[in-house]
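S.K.: Structure: run.txt, compact mmCIF, C-alpha atoms.
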```
# COMPACT_ATOMS: atom_id res chain seq x y z
CA MET A 1 23.70 -11.79 17.62
CA THR A 2 20.47 -13.84 17.50
CA GLU A 3 18.09 -13.53 14.57
CA THR A 4 15.46 -11.98 16.84
CA LEU A 5 17.87 -9.24 17.91
CA LEU A 6 19.06 -8.69 14.36
CA ASN A 7 15.50 -8.09 13.19
CA THR A 8 15.18 -5.14 15.57
CA LEU A 9 18.06 -3.35 13.84
CA PRO A 10 17.41 -0.73 11.14
CA ILE A 11 18.30 -0.83 7.47
CA LEU A 12 20.86 1.88 6.76
CA VAL A 13 20.29 3.62 3.43
CA VAL A 14 23.21 5.67 2.10
CA GLU A 15 22.07 7.85 -0.80
CA ASP A 16 22.58 11.50 -1.70
CA ASN A 17 19.73 11.98 -4.17
CA PRO A 18 16.56 13.15 -2.36
CA MET A 19 14.27 11.54 -4.88
CA ASN A 20 16.03 8.18 -4.56
CA GLN A 21 15.95 8.50 -0.76
CA LYS A 22 12.16 8.82 -0.82
CA LEU A 23 11.78 6.02 -3.34
CA MET A 24 14.01 3.64 -1.37
CA ARG A 25 12.19 4.36 1.89
CA HIS A 26 8.90 3.70 0.17
CA GLN A 27 10.14 0.46 -1.41
CA LEU A 28 11.59 -0.86 1.85
CA ARG A 29 8.27 -0.21 3.56
CA ARG A 30 6.52 -1.85 0.69
CA VAL A 31 8.48 -5.09 1.25
CA GLY A 32 7.66 -4.91 4.95
CA LEU A 33 10.68 -3.16 6.47
CA GLU A 34 9.74 -0.13 8.57
CA HIS A 35 12.90 0.54 10.56
CA ILE A 36 15.00 2.65 8.20
CA VAL A 37 17.76 5.21 8.71
CA ILE A 38 18.82 7.40 5.78
CA VAL A 39 22.09 9.32 5.48
CA ASP A 40 23.42 11.43 2.59
CA ASN A 41 26.91 10.03 1.99
CA GLY A 42 29.59 7.55 3.02
CA GLN A 43 31.07 9.80 5.69
CA GLN A 44 27.71 10.18 7.42
CA ALA A 45 27.24 6.41 7.22
CA LEU A 46 30.63 5.78 8.85
CA ASP A 47 29.83 8.30 11.58
CA TRP A 48 26.46 6.67 12.21
CA LEU A 49 27.92 3.15 12.23
CA ALA A 50 30.55 4.18 14.75
CA ALA A 51 27.79 4.47 17.34
CA ASN A 52 25.07 2.19 15.96
CA ASP A 53 24.54 -1.19 14.36
CA CYS A 54 22.30 -2.04 11.43
CA LEU A 55 20.78 -5.11 9.87
CA LEU A 56 22.31 -4.26 6.50
CA VAL A 57 23.45 -1.32 4.40
CA LEU A 58 21.88 -0.30 1.11
CA ALA A 59 24.37 2.07 -0.50
CA ASP A 60 24.67 4.19 -3.60
CA CYS A 61 28.13 3.94 -5.18
CA GLN A 62 28.71 7.49 -6.43
CA MET A 63 28.22 10.04 -3.67
CA PRO A 64 29.93 13.23 -2.55
CA VAL A 65 32.43 13.36 0.35
CA ILE A 66 33.01 9.58 0.61
CA ASP A 67 31.59 7.31 -2.08
CA GLY A 68 30.08 3.87 -1.59
CA TYR A 69 33.27 2.00 -2.51
CA GLU A 70 35.48 3.82 -0.03
CA MET A 71 32.79 3.65 2.65
CA THR A 72 32.64 -0.12 2.20
CA ARG A 73 36.41 -0.52 2.39
CA ARG A 74 36.45 1.43 5.66
CA ILE A 75 33.54 -0.56 7.10
CA ARG A 76 35.27 -3.82 6.25
CA ALA A 77 38.61 -2.57 7.67
CA ARG A 78 37.14 -1.83 11.07
CA GLU A 79 34.68 -4.71 11.20
CA ARG A 80 35.05 -7.12 14.13
CA GLY A 81 32.71 -10.06 14.51
CA ARG A 82 29.55 -9.95 12.43
CA ARG A 83 29.99 -8.97 8.77
CA THR A 84 27.43 -6.32 7.84
CA PRO A 85 25.78 -7.12 4.51
CA ILE A 86 26.22 -4.24 2.07
CA ILE A 87 23.98 -4.04 -1.00
CA ALA A 88 25.36 -1.76 -3.72
CA VAL A 89 22.85 0.31 -5.64
CA SER A 90 24.10 2.02 -8.76
CA ALA A 91 23.10 3.08 -12.24
CA GLY A 92 25.96 1.02 -13.67
CA VAL A 93 24.89 -2.41 -14.83
CA LEU A 94 28.04 -3.56 -16.63
CA ASP A 95 30.13 -6.46 -15.35
CA GLY A 96 32.89 -3.96 -14.54
CA ASP A 97 30.51 -1.98 -12.28
CA ARG A 98 29.51 -5.12 -10.41
CA ALA A 99 33.14 -6.26 -10.11
CA ARG A 100 34.15 -2.89 -8.65
CA CYS A 101 31.44 -3.23 -5.99
CA ILE A 102 32.48 -6.75 -5.06
CA ASP A 103 36.17 -5.76 -5.02
CA ALA A 104 35.36 -2.99 -2.55
CA GLY A 105 33.71 -5.53 -0.25
CA MET A 106 30.05 -5.12 -1.13
CA ASP A 107 28.03 -8.33 -1.15
CA VAL A 108 25.60 -7.84 -3.99
CA HIS A 109 24.77 -5.25 -6.62
CA ILE A 110 21.36 -4.08 -7.81
CA ALA A 111 20.67 -1.61 -10.59
CA LYS A 112 19.14 1.82 -10.13
CA PRO A 113 16.36 2.76 -10.15
CA ILE A 114 15.55 -0.20 -7.96
CA GLN A 115 12.71 -2.42 -9.03
CA LEU A 116 10.76 -4.04 -6.20
CA ASP A 117 11.46 -7.62 -7.29
CA ALA A 118 15.22 -7.01 -7.43
CA LEU A 119 15.15 -5.38 -3.99
CA ARG A 120 13.12 -8.24 -2.53
CA ALA A 121 15.51 -10.82 -4.01
CA ALA A 122 18.60 -9.05 -2.66
CA LEU A 123 17.17 -8.48 0.81
CA SER A 124 15.87 -12.03 1.17
CA GLN A 125 19.46 -13.29 1.30
CA TRP A 126 19.71 -11.79 4.80
CA VAL A 127 16.20 -10.83 5.91
CA THR A 128 13.08 -12.90 6.34
CA LEU A 129 10.55 -10.72 4.60
CA PRO A 130 6.89 -10.83 5.65
CA MET V 1 20.27 10.03 -28.11
CA SER V 2 17.65 11.29 -30.50
CA GLY V 3 17.42 14.85 -31.92
CA THR V 4 16.50 17.82 -29.77
CA THR V 5 12.81 17.15 -29.32
CA SER V 6 11.73 17.22 -25.72
CA PRO V 7 10.85 13.72 -24.49
CA ALA V 8 7.26 13.17 -23.38
CA PHE V 9 6.53 11.78 -19.95
CA SER V 10 5.33 8.17 -19.94
CA PRO V 11 3.90 7.09 -16.56
CA ASP V 12 4.18 3.30 -16.96
CA TYR V 13 7.79 2.95 -15.82
CA LEU V 14 7.32 4.88 -12.58
CA HIS V 15 4.05 3.06 -11.89
CA ALA V 16 5.94 -0.24 -12.03
CA THR V 17 8.77 1.08 -9.85
CA VAL V 18 6.39 2.08 -7.05
CA GLY V 19 4.40 -1.14 -7.37
CA GLY V 20 1.27 0.66 -8.51
CA ASP V 21 1.05 2.84 -5.38
CA GLN V 22 -0.77 5.91 -6.71
CA ALA V 23 -0.03 8.17 -3.74
CA MET V 24 3.70 7.46 -3.96
CA PHE V 25 3.60 7.94 -7.72
CA ASP V 26 2.09 11.41 -7.25
CA ARG V 27 4.54 12.29 -4.49
CA LEU V 28 7.55 11.30 -6.55
CA LEU V 29 6.38 13.36 -9.50
CA GLY V 30 6.03 16.37 -7.21
CA ILE V 31 9.53 15.75 -5.85
CA PHE V 32 10.84 15.38 -9.40
CA VAL V 33 9.51 18.77 -10.49
CA GLU V 34 10.75 20.50 -7.35
CA THR V 35 14.15 18.79 -7.18
CA THR V 36 15.04 19.12 -10.84
CA GLY V 37 14.02 22.81 -10.78
CA GLU V 38 16.43 23.45 -7.92
CA MET V 39 19.21 21.40 -9.48
CA LEU V 40 18.87 23.13 -12.84
CA ALA V 41 19.12 26.54 -11.15
CA ASP V 42 22.28 25.29 -9.38
CA MET V 43 23.56 24.00 -12.71
CA ASP V 44 23.11 27.47 -14.29
CA GLU V 45 25.09 28.96 -11.43
CA ALA V 46 27.84 26.32 -11.65
CA MET V 47 28.10 26.88 -15.42
CA ALA V 48 28.33 30.64 -14.96
CA CYS V 49 31.17 30.13 -12.47
CA GLY V 50 32.88 27.50 -14.63
CA ASP V 51 32.71 25.07 -11.69
CA LEU V 52 32.94 21.82 -13.65
CA SER V 53 33.15 19.50 -10.65
CA ARG V 54 29.85 20.94 -9.42
CA VAL V 55 28.39 20.55 -12.92
CA ALA V 56 29.47 16.88 -12.92
CA ALA V 57 27.89 16.27 -9.51
CA LEU V 58 24.64 17.97 -10.54
CA ALA V 59 24.47 16.10 -13.84
CA HIS V 60 24.92 12.87 -11.88
CA SER V 61 22.13 13.78 -9.44
CA LEU V 62 19.80 14.86 -12.23
CA ARG V 63 20.47 11.56 -13.95
CA GLY V 64 19.34 9.78 -10.78
CA CYS V 65 16.05 11.69 -10.98
CA VAL V 66 15.35 11.06 -14.67
CA ASP V 67 16.28 7.39 -14.25
CA ILE V 68 13.48 7.02 -11.70
CA VAL V 69 10.91 8.19 -14.25
CA GLY V 70 12.49 6.01 -16.93
CA GLU V 71 13.64 8.76 -19.30
CA GLU V 72 16.56 7.06 -21.02
CA ASP V 73 17.38 9.74 -23.59
CA LEU V 74 17.78 12.48 -20.98
CA SER V 75 19.74 10.08 -18.80
CA ALA V 76 22.21 9.46 -21.65
CA ARG V 77 22.51 13.21 -22.29
CA LEU V 78 23.18 13.91 -18.63
CA LYS V 79 25.77 11.16 -18.53
CA ALA V 80 27.53 12.84 -21.47
CA VAL V 81 27.50 16.17 -19.59
CA GLU V 82 28.86 14.49 -16.45
CA GLU V 83 31.65 12.77 -18.39
CA ALA V 84 32.62 15.95 -20.26
CA ALA V 85 32.71 17.86 -16.97
CA LEU V 86 34.86 15.17 -15.33
CA ARG V 87 37.43 15.44 -18.13
CA ASN V 88 37.35 19.24 -17.85
CA ASP V 89 36.11 19.71 -21.41
CA GLU V 90 34.43 23.05 -20.85
CA GLY V 91 33.45 23.51 -24.51
CA ALA V 92 31.61 20.19 -24.64
CA VAL V 93 30.00 20.84 -21.26
CA ARG V 94 28.64 24.20 -22.38
CA LYS V 95 27.27 22.83 -25.62
CA GLN V 96 25.69 19.73 -24.12
CA ALA V 97 24.54 21.12 -20.79
CA ILE V 98 22.59 24.03 -22.29
CA ALA V 99 20.69 21.74 -24.67
CA CYS V 100 20.16 19.16 -21.95
CA ALA V 101 18.89 21.70 -19.41
CA SER V 102 16.40 23.04 -21.94
CA LEU V 103 15.05 19.54 -22.68
CA LEU V 104 14.87 18.74 -19.00
CA ARG V 105 12.92 21.93 -18.24
CA HIS V 106 10.43 21.03 -20.97
CA PHE V 107 10.18 17.50 -19.63
CA ALA V 108 9.55 18.76 -16.08
CA ALA V 109 6.91 21.15 -17.43
CA ASP V 110 5.28 18.21 -19.21
CA ILE V 111 5.16 16.31 -15.91
CA GLU V 112 3.67 19.34 -14.18
CA ILE V 113 0.90 19.50 -16.79
CA TYR V 114 0.30 15.76 -16.30
CA ARG V 115 0.07 16.25 -12.52
CA ASN V 116 -2.32 19.19 -12.82
CA THR V 117 -4.53 17.30 -15.25
CA ARG V 118 -4.65 14.31 -12.91
CA ALA V 119 -5.46 16.54 -9.94
CA ALA V 120 -8.28 18.20 -11.90
CA CYS V 121 -9.69 14.78 -12.84
CA ARG V 122 -9.57 13.64 -9.22
CA ASP V 123 -11.39 16.82 -8.10
CA LYS V 124 -14.06 16.26 -10.70
CA GLU V 125 -14.51 12.63 -9.65
CA ARG V 126 -14.78 13.73 -6.03
CA GLN V 127 -17.41 16.34 -6.90
CA ASN V 128 -19.35 13.81 -8.94
CA GLY V 129 -19.16 11.34 -6.04
CA GLN V 130 -20.47 13.97 -3.62
CA GLY V 131 -23.24 14.89 -6.03
CA ARG V 132 -24.41 11.30 -6.18
CA SER V 133 -24.35 10.68 -2.40
```
As structure tokens - that is how I would like this structure written.
M.R.:
Amino acid sequence: MTETLLNTLPILVVEDNPMNQKLMRHQLRRVGLEHIVIVDNGQQALDWLAANDCLLVLADCQMPVIDGYEMTRRIRARERGRRTPIIAVSAGVLDGDRARCIDAGMDVHIAKPIQLDALRAALSQWVTLP
Amino acid sequence: MSGTTSPAFSPDYLHATVGGDQAMFDRLLGIFVETTGEMLADMDEAMACGDLSRVAALAHSLRGCVDIVGEEDLSARLKAVEEAALRNDEGAVRKQAIACASLLRHFAADIEIYRNTRAACRDKERQNGQGRS
């Protein structure tokens, strides 16, 4: 997929907490990303991804139904072609928390609540921010 | 975790998180008061039913909310409730959750007072501005 086409794809936010959902939408807009889809848990994300593509996934780790780790393992298992970047967002900041995210197949971990600079730094690995 | 005194709301942390966007700051505070009120009512119900997995999930969600406003003491208390609920320690859950819920209700009330005071100040400024023009 060309970079131009990729930039038309949405950011998929997977987060169950309504306050964090609003904050993350606001922060993504703040760094210049307007095309955002938000779902409540890993199962909804998998359902959405079965029919859609996204630029990258920003996922909470602890969620009901299917958590962020299991969601990532399932995304990676069925992935063909392009590898979807998955940014883990969790309250855990210990090395063990980060290692668990990476072991599950996530690409990078940022601490919750997200600070704008950390979000910008993580996103800029895959997205050219305005 | 310090004593049982209700923590006071400090706006600086949330201001930094939203990059100084005042409208978003106000919106998030409103969401905080509404969301935590609903979650605490659910927590009461889950406690009454002895549904510890629900208590754990609610404590986790509440922690997400207090983390956004930078309230570390309440976050640590909620983490303790979540962990006690996950290991099915009903006695510890009851003891900690009741104290924690009380502190959180006071904290939310403190935020509500802060919001109302800010709204009153804005109204006054608006009236003064209209008076001058």
S.K.: Each residue of chain V with at least one atom at most 8 Å from chain A should appear once, together with its nearest atom pair and the corresponding distance in Å (one decimal); atoms considered: all atoms listed in the file; ordering: chain, then increasing residue number; output as JSON lines.
M.R.:
```
{"residue": "V:Ala16", "atom": "CA", "partner": "A:Gln115", "partner_atom": "CA", "distance": 7.7}
{"residue": "V:Thr17", "atom": "CA", "partner": "A:Gln115", "partner_atom": "CA", "distance": 5.3}
{"residue": "V:Val18", "atom": "CA", "partner": "A:Gln27", "partner_atom": "CA", "distance": 7.0}
{"residue": "V:Gly19", "atom": "CA", "partner": "A:Leu116", "partner_atom": "CA", "distance": 7.1}
{"residue": "V:Met24", "atom": "CA", "partner": "A:His26", "partner_atom": "CA", "distance": 7.6}
{"residue": "V:Leu28", "atom": "CA", "partner": "A:Met19", "partner_atom": "CA", "distance": 6.9}
{"residue": "V:Ile31", "atom": "CA", "partner": "A:Met19", "partner_atom": "CA", "distance": 6.4}
{"residue": "V:Phe32", "atom": "CA", "partner": "A:Met19", "partner_atom": "CA", "distance": 6.9}
{"residue": "V:Thr35", "atom": "CA", "partner": "A:Met19", "partner_atom": "CA", "distance": 7.6}
{"residue": "V:Ala57", "atom": "CA", "partner": "A:Pro64", "partner_atom": "CA", "distance": 7.9}
{"residue": "V:Ser61", "atom": "CA", "partner": "A:Asn17", "partner_atom": "CA", "distance": 6.1}
{"residue": "V:Gly64", "atom": "CA", "partner": "A:Asn17", "partner_atom": "CA", "distance": 7.0}
{"residue": "V:Cys65", "atom": "CA", "partner": "A:Met19", "partner_atom": "CA", "distance": 6.4}
{"residue": "V:Asp67", "atom": "CA", "partner": "A:Pro113", "partner_atom": "CA", "distance": 6.2}
{"residue": "V:Ile68", "atom": "CA", "partner": "A:Pro113", "partner_atom": "CA", "distance": 5.4}
```
S.K.: Which residues are near A:Asp60? Cut-off 9 Å, all atoms listed in the file, ignore same chain within fewer than 6 positions. Put them as number ranges by chain.
M.R.: A: 13-16, 41-42, 67-69, 87-91, 112
S.K.: Using only the atoms of stretch 86-97 of chain V listed in the file, plus 3 Å on each side, state the axis-aligned box centre and edge lengths in Å rounded to one decimal, as JSON.
M.R.:
```
{"center_x": 31.0, "center_y": 19.7, "center_z": -20.5, "size_x": 18.9, "size_y": 15.0, "size_z": 16.3}
```
S.K.: Taking 4 positions as the minimum chain separation for residues in the same chain, which residues sit within 12 Å of V:Asn88 when counting all atoms listed in the file? Answer as a ChimeraX atom specification.
M.R.: /V:50-56,81-84,92-94
S.K.: Just C-alpha atoms for this one: save the residues we selected as a compact mmCIF listing (two decimals), in the coordinates of the input.
M.R.:
```txt
# COMPACT_ATOMS: atom_id res chain seq x y z
CA GLY V 50 32.88 27.50 -14.63
CA ASP V 51 32.71 25.07 -11.69
CA LEU V 52 32.94 21.82 -13.65
CA SER V 53 33.15 19.50 -10.65
CA ARG V 54 29.85 20.94 -9.42
CA VAL V 55 28.39 20.55 -12.92
CA ALA V 56 29.47 16.88 -12.92
CA VAL V 81 27.50 16.17 -19.59
CA GLU V 82 28.86 14.49 -16.45
CA GLU V 83 31.65 12.77 -18.39
CA ALA V 84 32.62 15.95 -20.26
CA ALA V 92 31.61 20.19 -24.64
CA VAL V 93 30.00 20.84 -21.26
CA ARG V 94 28.64 24.20 -22.38
```
S.K.: Work out how far apart atom CA of A:Leu119 and atom CA of V:Gly70 are and give it in Å to one decimal.
M.R.: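 Computed distance, atom CA of A:Leu119 to atom CA of V:Gly70, equals 17.4 Å.
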S.K.: Could you state the separation of atom CA of A:Thr72 and atom CA of A:Ala111 in Å, given to one decimal place?
M.R.: 17.6 Å
